[in-house]
file query.cif (mmCIF, C-alpha atoms)
data_coords
loop_
_atom_site.label_atom_id
_atom_site.label_comp_id
_atom_site.auth_asym_id
_atom_site.auth_seq_id
_atom_site.Cartn_x
_atom_site.Cartn_y
_atom_site.Cartn_z
CA MET A 400 -16.83 -9.57 -19.11
CA THR A 401 -15.41 -6.09 -18.58
CA ARG A 402 -14.66 -3.52 -21.24
CA LEU A 403 -11.40 -1.65 -20.63
CA ILE A 404 -10.97 1.70 -22.37
CA PHE A 405 -7.68 3.53 -22.79
CA LEU A 406 -8.05 7.21 -23.69
CA GLY A 407 -5.62 9.74 -25.16
CA ARG A 408 -1.96 8.81 -24.89
CA LEU A 409 -2.88 5.70 -22.89
CA ARG A 410 -4.25 4.33 -26.16
CA ASP A 411 -0.71 4.58 -27.56
CA ALA A 412 0.71 2.87 -24.47
CA ALA A 413 -1.86 0.04 -24.65
CA GLY A 414 -1.62 -0.33 -28.40
CA HIS A 415 -5.41 -0.25 -28.65
CA GLY A 416 -8.32 1.91 -27.49
CA GLU A 417 -10.29 -0.82 -25.79
CA ARG A 418 -10.43 -4.52 -25.05
CA VAL A 419 -12.89 -6.88 -23.42
CA VAL A 420 -11.47 -9.02 -20.63
CA THR A 421 -12.57 -11.48 -18.02
CA LEU A 422 -11.09 -10.23 -14.76
CA PRO A 423 -9.21 -12.95 -12.89
CA ALA A 424 -10.59 -13.77 -9.44
CA HIS A 425 -7.80 -11.94 -7.60
CA VAL A 426 -8.62 -8.61 -9.28
CA GLU A 427 -11.10 -6.98 -6.93
CA THR A 428 -10.17 -3.29 -6.76
CA VAL A 429 -8.90 -0.50 -8.99
CA ALA A 430 -5.42 -1.02 -7.51
CA ASP A 431 -5.59 -4.76 -8.32
CA LEU A 432 -6.61 -3.94 -11.87
CA ARG A 433 -3.67 -1.58 -12.39
CA SER A 434 -1.27 -4.21 -11.03
CA TRP A 435 -2.75 -6.97 -13.18
CA LEU A 436 -2.47 -4.85 -16.32
CA ALA A 437 1.09 -3.86 -15.37
CA ALA A 438 2.08 -7.52 -14.96
CA GLY A 439 0.94 -8.19 -18.52
CA ASP A 440 2.52 -5.11 -20.08
CA GLY A 441 5.25 -3.17 -18.29
CA ASP A 442 5.01 -0.08 -20.52
CA LEU A 443 1.26 0.15 -20.08
CA GLY A 444 1.68 -0.47 -16.35
CA ALA A 445 4.12 2.43 -16.05
CA ALA A 446 1.75 4.72 -17.96
CA LEU A 447 -1.23 3.69 -15.80
CA HIS A 448 0.69 4.40 -12.60
CA GLU A 449 1.68 7.95 -13.62
CA ARG A 450 0.29 10.88 -11.66
CA GLY A 451 -2.95 12.34 -12.92
CA ILE A 452 -4.38 9.16 -14.44
CA HIS A 453 -8.06 8.96 -13.52
CA VAL A 454 -10.15 5.83 -13.51
CA VAL A 455 -13.79 5.93 -14.58
CA VAL A 456 -15.93 2.98 -13.48
CA ASP A 457 -19.19 2.61 -15.39
CA GLN A 458 -18.93 6.26 -16.46
CA VAL A 459 -18.41 7.62 -12.94
CA ILE A 460 -15.03 9.05 -11.91
CA CYS A 461 -13.53 6.91 -9.19
CA ASN A 462 -11.06 8.46 -6.77
CA ARG A 463 -10.47 5.46 -4.52
CA GLU A 464 -7.95 2.78 -5.37
CA THR A 465 -9.97 0.46 -3.13
CA GLU A 466 -13.13 0.80 -5.25
CA ASN A 467 -14.44 -2.64 -6.16
CA VAL A 468 -14.47 -3.38 -9.87
CA ARG A 469 -15.88 -6.93 -9.83
CA ASP A 470 -19.31 -5.83 -11.06
CA ALA A 471 -18.13 -3.11 -13.42
CA SER A 472 -19.03 -3.51 -17.07
CA GLU A 473 -16.82 -0.65 -18.31
CA ILE A 474 -13.64 0.80 -16.86
CA ALA A 475 -11.82 3.69 -18.54
CA PHE A 476 -8.34 5.05 -17.86
CA MET A 477 -8.06 8.79 -18.52
CA PRO A 478 -4.79 10.71 -18.81
CA PRO A 479 -4.79 14.39 -17.80
CA LEU A 480 -7.42 16.23 -19.84
CA SER A 481 -6.31 18.30 -22.80
CA GLY A 482 -9.41 20.46 -22.91
CA GLY A 483 -10.99 21.39 -26.22
CA MET B 1134 -32.85 25.57 -23.05
CA ILE B 1135 -29.47 23.91 -22.70
CA GLN B 1136 -28.21 22.31 -25.91
CA VAL B 1137 -24.95 20.33 -25.93
CA SER B 1138 -23.69 18.65 -29.06
CA ILE B 1139 -20.40 16.76 -29.35
CA THR B 1140 -20.01 16.06 -33.03
CA ALA B 1141 -17.64 14.74 -35.68
CA GLU B 1142 -19.42 16.90 -38.28
CA ALA B 1143 -18.24 20.34 -39.34
CA ILE B 1144 -19.81 23.19 -37.37
CA SER B 1145 -21.31 26.12 -39.31
CA PRO B 1146 -21.11 28.90 -36.72
CA ASP B 1147 -23.31 31.41 -38.55
CA ALA B 1148 -26.10 28.94 -39.29
CA GLU B 1149 -26.04 27.45 -35.77
CA THR B 1150 -26.00 30.89 -34.14
CA ALA B 1151 -28.96 32.02 -36.23
CA ARG B 1152 -30.87 28.83 -35.45
CA PHE B 1153 -30.22 29.17 -31.73
CA ALA B 1154 -30.92 32.91 -31.53
CA ALA B 1155 -34.28 32.30 -33.23
CA LEU B 1156 -35.36 30.47 -30.04
CA ARG B 1157 -35.17 33.65 -27.97
CA GLY B 1158 -38.20 34.88 -26.10
CA ALA B 1159 -39.57 38.39 -25.92
CA ALA B 1160 -37.48 39.19 -22.81
CA CYS B 1161 -34.17 38.33 -24.51
CA GLY B 1162 -32.08 41.35 -25.42
CA ALA B 1163 -28.64 39.81 -25.79
CA ALA B 1164 -26.98 36.98 -27.69
CA VAL B 1165 -23.27 36.38 -27.10
CA THR B 1166 -21.41 33.82 -29.20
CA PHE B 1167 -17.85 32.57 -29.19
CA VAL B 1168 -16.29 30.53 -31.98
CA GLY B 1169 -12.94 28.80 -31.54
CA PHE B 1170 -11.05 27.84 -34.70
CA CYS B 1171 -8.24 25.37 -35.26
CA ARG B 1172 -5.03 27.37 -35.68
CA GLY B 1173 -2.51 26.56 -38.38
CA VAL B 1174 0.45 27.40 -36.13
CA SER B 1175 1.32 26.64 -32.52
CA GLN B 1176 4.35 27.18 -30.28
CA GLN B 1177 5.79 24.05 -31.86
CA GLY B 1178 5.40 25.34 -35.43
CA ASP B 1179 3.05 24.50 -38.26
CA VAL B 1180 -0.07 22.49 -37.49
CA MET B 1181 -1.39 20.20 -40.21
CA ARG B 1182 -4.37 19.02 -38.18
CA LEU B 1183 -5.68 18.40 -34.67
CA GLU B 1184 -7.12 15.09 -33.51
CA LEU B 1185 -9.56 15.38 -30.64
CA GLU B 1186 -10.62 12.28 -28.77
CA HIS B 1187 -13.57 12.16 -26.38
CA TYR B 1188 -15.11 9.52 -24.15
CA PRO B 1189 -18.55 8.92 -25.69
CA GLY B 1190 -21.33 9.39 -23.15
CA PHE B 1191 -19.05 10.63 -20.39
CA THR B 1192 -17.87 13.72 -22.27
CA GLU B 1193 -21.41 14.77 -23.23
CA ARG B 1194 -22.68 14.29 -19.69
CA GLU B 1195 -19.81 16.20 -18.05
CA ILE B 1196 -20.15 19.16 -20.41
CA GLY B 1197 -23.93 19.11 -19.94
CA ARG B 1198 -23.56 19.12 -16.17
CA ILE B 1199 -21.12 22.05 -16.18
CA THR B 1200 -23.23 23.98 -18.71
CA GLN B 1201 -26.28 23.58 -16.48
CA ALA B 1202 -24.33 24.86 -13.48
CA VAL B 1203 -23.00 27.88 -15.40
CA ALA B 1204 -26.52 28.66 -16.65
CA GLU B 1205 -27.88 28.62 -13.11
CA ARG B 1206 -24.97 30.64 -11.70
CA HIS B 1207 -25.47 33.46 -14.21
CA GLY B 1208 -29.24 33.23 -14.53
CA VAL B 1209 -29.01 32.42 -18.22
CA ALA B 1210 -31.72 30.08 -19.47
CA ASP B 1211 -30.45 29.43 -22.99
CA ILE B 1212 -26.97 28.11 -23.72
CA LEU B 1213 -25.69 26.26 -26.77
CA VAL B 1214 -22.43 24.31 -26.73
CA MET B 1215 -21.19 22.57 -29.88
CA HIS B 1216 -17.80 20.86 -29.86
CA ARG B 1217 -16.01 18.85 -32.50
CA PHE B 1218 -14.12 15.62 -32.07
CA GLY B 1219 -12.06 13.66 -34.58
CA ALA B 1220 -9.69 15.17 -37.15
CA ILE B 1221 -9.91 18.95 -37.51
CA SER B 1222 -8.06 21.03 -40.09
CA PRO B 1223 -6.72 24.56 -39.58
CA GLY B 1224 -9.44 27.14 -40.16
CA GLU B 1225 -12.28 24.84 -39.13
CA ALA B 1226 -14.44 25.68 -36.12
CA ILE B 1227 -13.70 23.47 -33.09
CA VAL B 1228 -16.15 24.98 -30.65
CA LEU B 1229 -19.20 27.22 -30.62
CA VAL B 1230 -20.70 28.56 -27.40
CA ALA B 1231 -23.74 30.85 -27.41
CA ALA B 1232 -25.82 32.32 -24.61
CA LEU B 1233 -29.09 34.24 -24.73
CA SER B 1234 -30.15 36.51 -21.89
CA ALA B 1235 -32.13 39.61 -21.06
CA HIS B 1236 -29.00 41.78 -20.83
CA ARG B 1237 -25.46 41.37 -22.11
CA ALA B 1238 -23.48 41.02 -18.87
CA ALA B 1239 -24.87 37.61 -17.91
CA ALA B 1240 -24.46 36.23 -21.42
CA PHE B 1241 -20.82 37.42 -21.69
CA ALA B 1242 -20.01 35.99 -18.26
CA ALA B 1243 -21.62 32.62 -19.00
CA VAL B 1244 -19.81 32.24 -22.33
CA GLU B 1245 -16.47 33.22 -20.85
CA GLU B 1246 -16.76 30.84 -17.91
CA LEU B 1247 -17.82 27.97 -20.14
CA MET B 1248 -14.94 28.58 -22.53
CA ASP B 1249 -12.45 28.61 -19.65
CA TYR B 1250 -13.87 25.26 -18.54
CA LEU B 1251 -13.88 23.79 -22.04
CA LYS B 1252 -10.26 24.82 -22.67
CA THR B 1253 -8.89 23.16 -19.55
CA ASP B 1254 -11.21 20.69 -17.88
CA ALA B 1255 -13.51 19.24 -20.52
CA PRO B 1256 -12.94 15.51 -21.16
CA PHE B 1257 -11.02 15.75 -24.42
CA TRP B 1258 -7.59 14.52 -25.37
CA LYS B 1259 -5.93 16.49 -28.11
CA ARG B 1260 -3.11 15.58 -30.44
CA GLU B 1261 -1.40 18.07 -32.68
CA ILE B 1262 -0.08 16.74 -35.99
CA GLY B 1263 2.76 18.75 -37.52
CA PRO B 1264 5.48 18.18 -40.14
CA SER B 1265 7.69 16.46 -37.55
CA GLY B 1266 5.03 14.15 -36.13
CA ALA B 1267 2.30 14.05 -33.49
CA ARG B 1268 2.26 15.16 -29.88
CA TRP B 1269 -0.37 15.14 -27.13
CA ILE B 1270 -1.42 18.54 -25.78
CA GLU B 1271 -2.20 19.48 -22.18
CA PRO B 1272 -3.63 22.80 -20.94
CA THR B 1273 -1.21 25.73 -20.88
CA ALA B 1274 -0.24 27.54 -17.68
CA GLU B 1275 -2.32 30.49 -18.91
CA ASP B 1276 -5.36 28.23 -19.37
CA ARG B 1277 -4.95 26.91 -15.83
CA ARG B 1278 -4.46 30.41 -14.39
CA ARG B 1279 -7.67 31.66 -16.03
CA ARG B 1280 -9.54 28.59 -14.81
CA GLU B 1281 -8.35 29.12 -11.23
CA GLU B 1282 -9.32 32.78 -11.32
CA HIS B 1283 -12.86 31.81 -12.26
CA SER B 1284 -13.12 29.16 -9.59
CA LYS B 1285 -12.26 31.63 -6.81
#

call {"tool": "encode", "arguments": {"input": "query.cif", "output": "structure tokens"}}
result
Amino acid sequence: MTRLIFLGRLRDAAGHGERVVTLPAHVETVADLRSWLAAGDGDLGAALHERGIHVVVDQVICNRETENVRDASEIAFMPPLSGG
Amino acid sequence: MIQVSITAEAISPDAETARFAALRGAACGAAVTFVGFCRGVSQQGDVMRLELEHYPGFTEREIGRITQAVAERHGVADILVMHRFGAISPGEAIVLVAALSAHRAAAFAAVEELMDYLKTDAPFWKREIGPSGARWIEPTAEDRRRREEHSK
């Protein structure tokens, strides 16, 4: 089970702040995950593919689309930061 | 001592500053504090409230890491960072940063650098609620310019 978290305006695009999913076998990397989510929801997919969206895997910022997510327990999608 | 608190509770700047300054040692001759308040107007007009979202755990750790680095860079041992999340009304304190040091220059520099970081690169997502609805906020060009100046 993997907890997906959508922060900031991505929460609006997803319609919820988080959900728990079982990743299908073909989802192995960050890129696979984006594509899988986009296939299920075109609007969310478009938002997740915008420039400046960072992915955080188990609380560590991930800069590689090839990063493996099979063992991740929490994956967050972060839009550009607003600052405080 | 580095103290970082990300809180949904109201911040009382005077009480927190007094509490923190009371920790100072005999060598401390300077306390610099900055308080940022929620403004009731923005470039878009009236602001009814701000909604600040954070990423629990991640936001605290990132701010703690940066605060530690700023403390080391300026040789300041004692820094307090308090930051609100959730719904914030105009007039309420959003952020309090305080630094204690032997002399004023290091404390001023540490507080300024931390505020520049917090305003642009801290993991918060901010929504401004006005009479005509809500909109997400991103750092201004001025915020980015100040941040880049400091990172040179």

call {"tool": "interface_residues", "arguments": {"input": "query.cif", "of": "chain A", "to": "chain B", "cutoff": "7 Å", "atoms": "only C-alpha atoms", "output": "list in words"}}
result
Gly407, Arg408, Gln458, Leu480, Ser481, Gly482 and Gly483 of chain A

call {"tool": "closest_residue", "arguments": {"input": "query.cif", "among": "A:Ala424, A:Gly441, A:Met477, A:Arg450", "to": "Arg410 (chain A)", "atoms": "all atoms listed in the file"}}
result
A:Met477

call {"tool": "atom_distance", "arguments": {"input": "query.cif", "atom1": "CA of Gln1201 (chain B)", "atom2": "CA of Val1214 (chain B)"}}
result
11.0 Å

call {"tool": "residues_around", "arguments": {"input": "query.cif", "residues": "Leu443 (chain A)", "least_positions_apart": "4", "cutoff": "9 Å", "atoms": "all atoms listed in the file", "output": "VMD selection string"}}
result
chain A and resid 409 411 to 414 436 to 437 439 447 to 448

call {"tool": "resolve_selection", "arguments": {"input": "query.cif", "expression": "the PyMOL selection byres ((chain B and resi 1211) around 7)", "output": "ChimeraX atom specification"}}
result
/B:1134-1135,1209-1210,1212-1213,1232-1233

call {"tool": "closest_residue", "arguments": {"input": "query.cif", "among": "B:Gly1173, B:Phe1153, B:Gly1219, B:Val1203", "to": "Glu1245 (chain B)", "atoms": "only C-alpha atoms"}}
result
B:Val1203

call {"tool": "decode", "arguments": {"input": "query.cif", "residues": "chain A", "atoms": "C-alpha atoms", "output": "tab-separated table (two decimals), in the first residue's frame"}}
result
chain	number	residue	atom	x	y	z
A	400	MET	CA	0.00	0.00	0.00
A	401	THR	CA	1.29	3.46	-0.90
A	402	ARG	CA	0.03	6.76	0.42
A	403	LEU	CA	-0.16	9.45	-2.27
A	404	ILE	CA	-0.22	13.07	-1.10
A	405	PHE	CA	-1.24	16.04	-3.23
A	406	LEU	CA	-0.14	19.41	-1.84
A	407	GLY	CA	-1.26	22.96	-2.57
A	408	ARG	CA	-3.13	23.42	-5.83
A	409	LEU	CA	-2.55	19.77	-6.71
A	410	ARG	CA	-5.05	18.98	-3.97
A	411	ASP	CA	-7.63	20.91	-6.00
A	412	ALA	CA	-6.65	19.05	-9.17
A	413	ALA	CA	-6.86	15.65	-7.44
A	414	GLY	CA	-10.04	16.48	-5.57
A	415	HIS	CA	-8.47	15.20	-2.35
A	416	GLY	CA	-5.30	15.70	-0.31
A	417	GLU	CA	-4.29	12.07	-0.12
A	418	ARG	CA	-5.28	8.54	-1.01
A	419	VAL	CA	-3.94	5.07	-0.32
A	420	VAL	CA	-3.38	2.92	-3.39
A	421	THR	CA	-1.94	-0.41	-4.37
A	422	LEU	CA	0.46	0.32	-7.22
A	423	PRO	CA	-0.15	-1.90	-10.23
A	424	ALA	CA	2.78	-4.13	-11.19
A	425	HIS	CA	3.75	-2.00	-14.20
A	426	VAL	CA	4.29	1.13	-12.05
A	427	GLU	CA	7.96	0.97	-11.12
A	428	THR	CA	9.29	4.53	-11.38
A	429	VAL	CA	8.21	8.10	-10.70
A	430	ALA	CA	7.55	8.51	-14.43
A	431	ASP	CA	5.35	5.37	-14.44
A	432	LEU	CA	3.43	6.73	-11.47
A	433	ARG	CA	2.73	10.06	-13.18
A	434	SER	CA	1.53	8.25	-16.31
A	435	TRP	CA	-0.67	5.86	-14.33
A	436	LEU	CA	-2.30	8.74	-12.44
A	437	ALA	CA	-2.75	10.67	-15.70
A	438	ALA	CA	-4.49	7.69	-17.31
A	439	GLY	CA	-7.02	7.68	-14.49
A	440	ASP	CA	-7.59	11.44	-14.39
A	441	GLY	CA	-6.59	13.66	-17.30
A	442	ASP	CA	-6.84	16.93	-15.36
A	443	LEU	CA	-4.69	15.61	-12.54
A	444	GLY	CA	-2.28	14.16	-15.08
A	445	ALA	CA	-1.87	17.54	-16.77
A	446	ALA	CA	-1.27	19.23	-13.40
A	447	LEU	CA	1.31	16.59	-12.38
A	448	HIS	CA	3.23	17.03	-15.63
A	449	GLU	CA	3.55	20.82	-15.29
A	450	ARG	CA	6.99	22.33	-14.81
A	451	GLY	CA	8.13	22.77	-11.25
A	452	ILE	CA	6.20	19.86	-9.73
A	453	HIS	CA	8.50	18.06	-7.30
A	454	VAL	CA	8.08	14.51	-6.12
A	455	VAL	CA	8.96	13.55	-2.56
A	456	VAL	CA	9.48	9.82	-1.93
A	457	ASP	CA	9.32	8.83	1.74
A	458	GLN	CA	9.98	12.45	2.72
A	459	VAL	CA	13.08	12.85	0.52
A	460	ILE	CA	12.96	15.07	-2.57
A	461	CYS	CA	13.44	12.97	-5.66
A	462	ASN	CA	14.87	14.58	-8.78
A	463	ARG	CA	15.02	11.50	-11.01
A	464	GLU	CA	12.03	10.32	-13.00
A	465	THR	CA	13.66	6.88	-13.00
A	466	GLU	CA	13.61	6.61	-9.19
A	467	ASN	CA	11.99	3.34	-8.16
A	468	VAL	CA	8.80	3.73	-6.16
A	469	ARG	CA	7.91	0.05	-5.61
A	470	ASP	CA	9.00	0.10	-1.96
A	471	ALA	CA	7.84	3.62	-1.14
A	472	SER	CA	5.25	3.95	1.59
A	473	GLU	CA	4.55	7.66	0.96
A	474	ILE	CA	4.85	9.72	-2.20
A	475	ALA	CA	4.00	13.43	-2.26
A	476	PHE	CA	3.55	15.73	-5.24
A	477	MET	CA	4.56	19.33	-4.50
A	478	PRO	CA	3.69	22.33	-6.68
A	479	PRO	CA	6.10	25.29	-6.66
A	480	LEU	CA	6.53	26.51	-3.09
A	481	SER	CA	4.64	29.60	-1.98
A	482	GLY	CA	6.92	30.38	0.93
A	483	GLY	CA	5.49	31.55	4.23
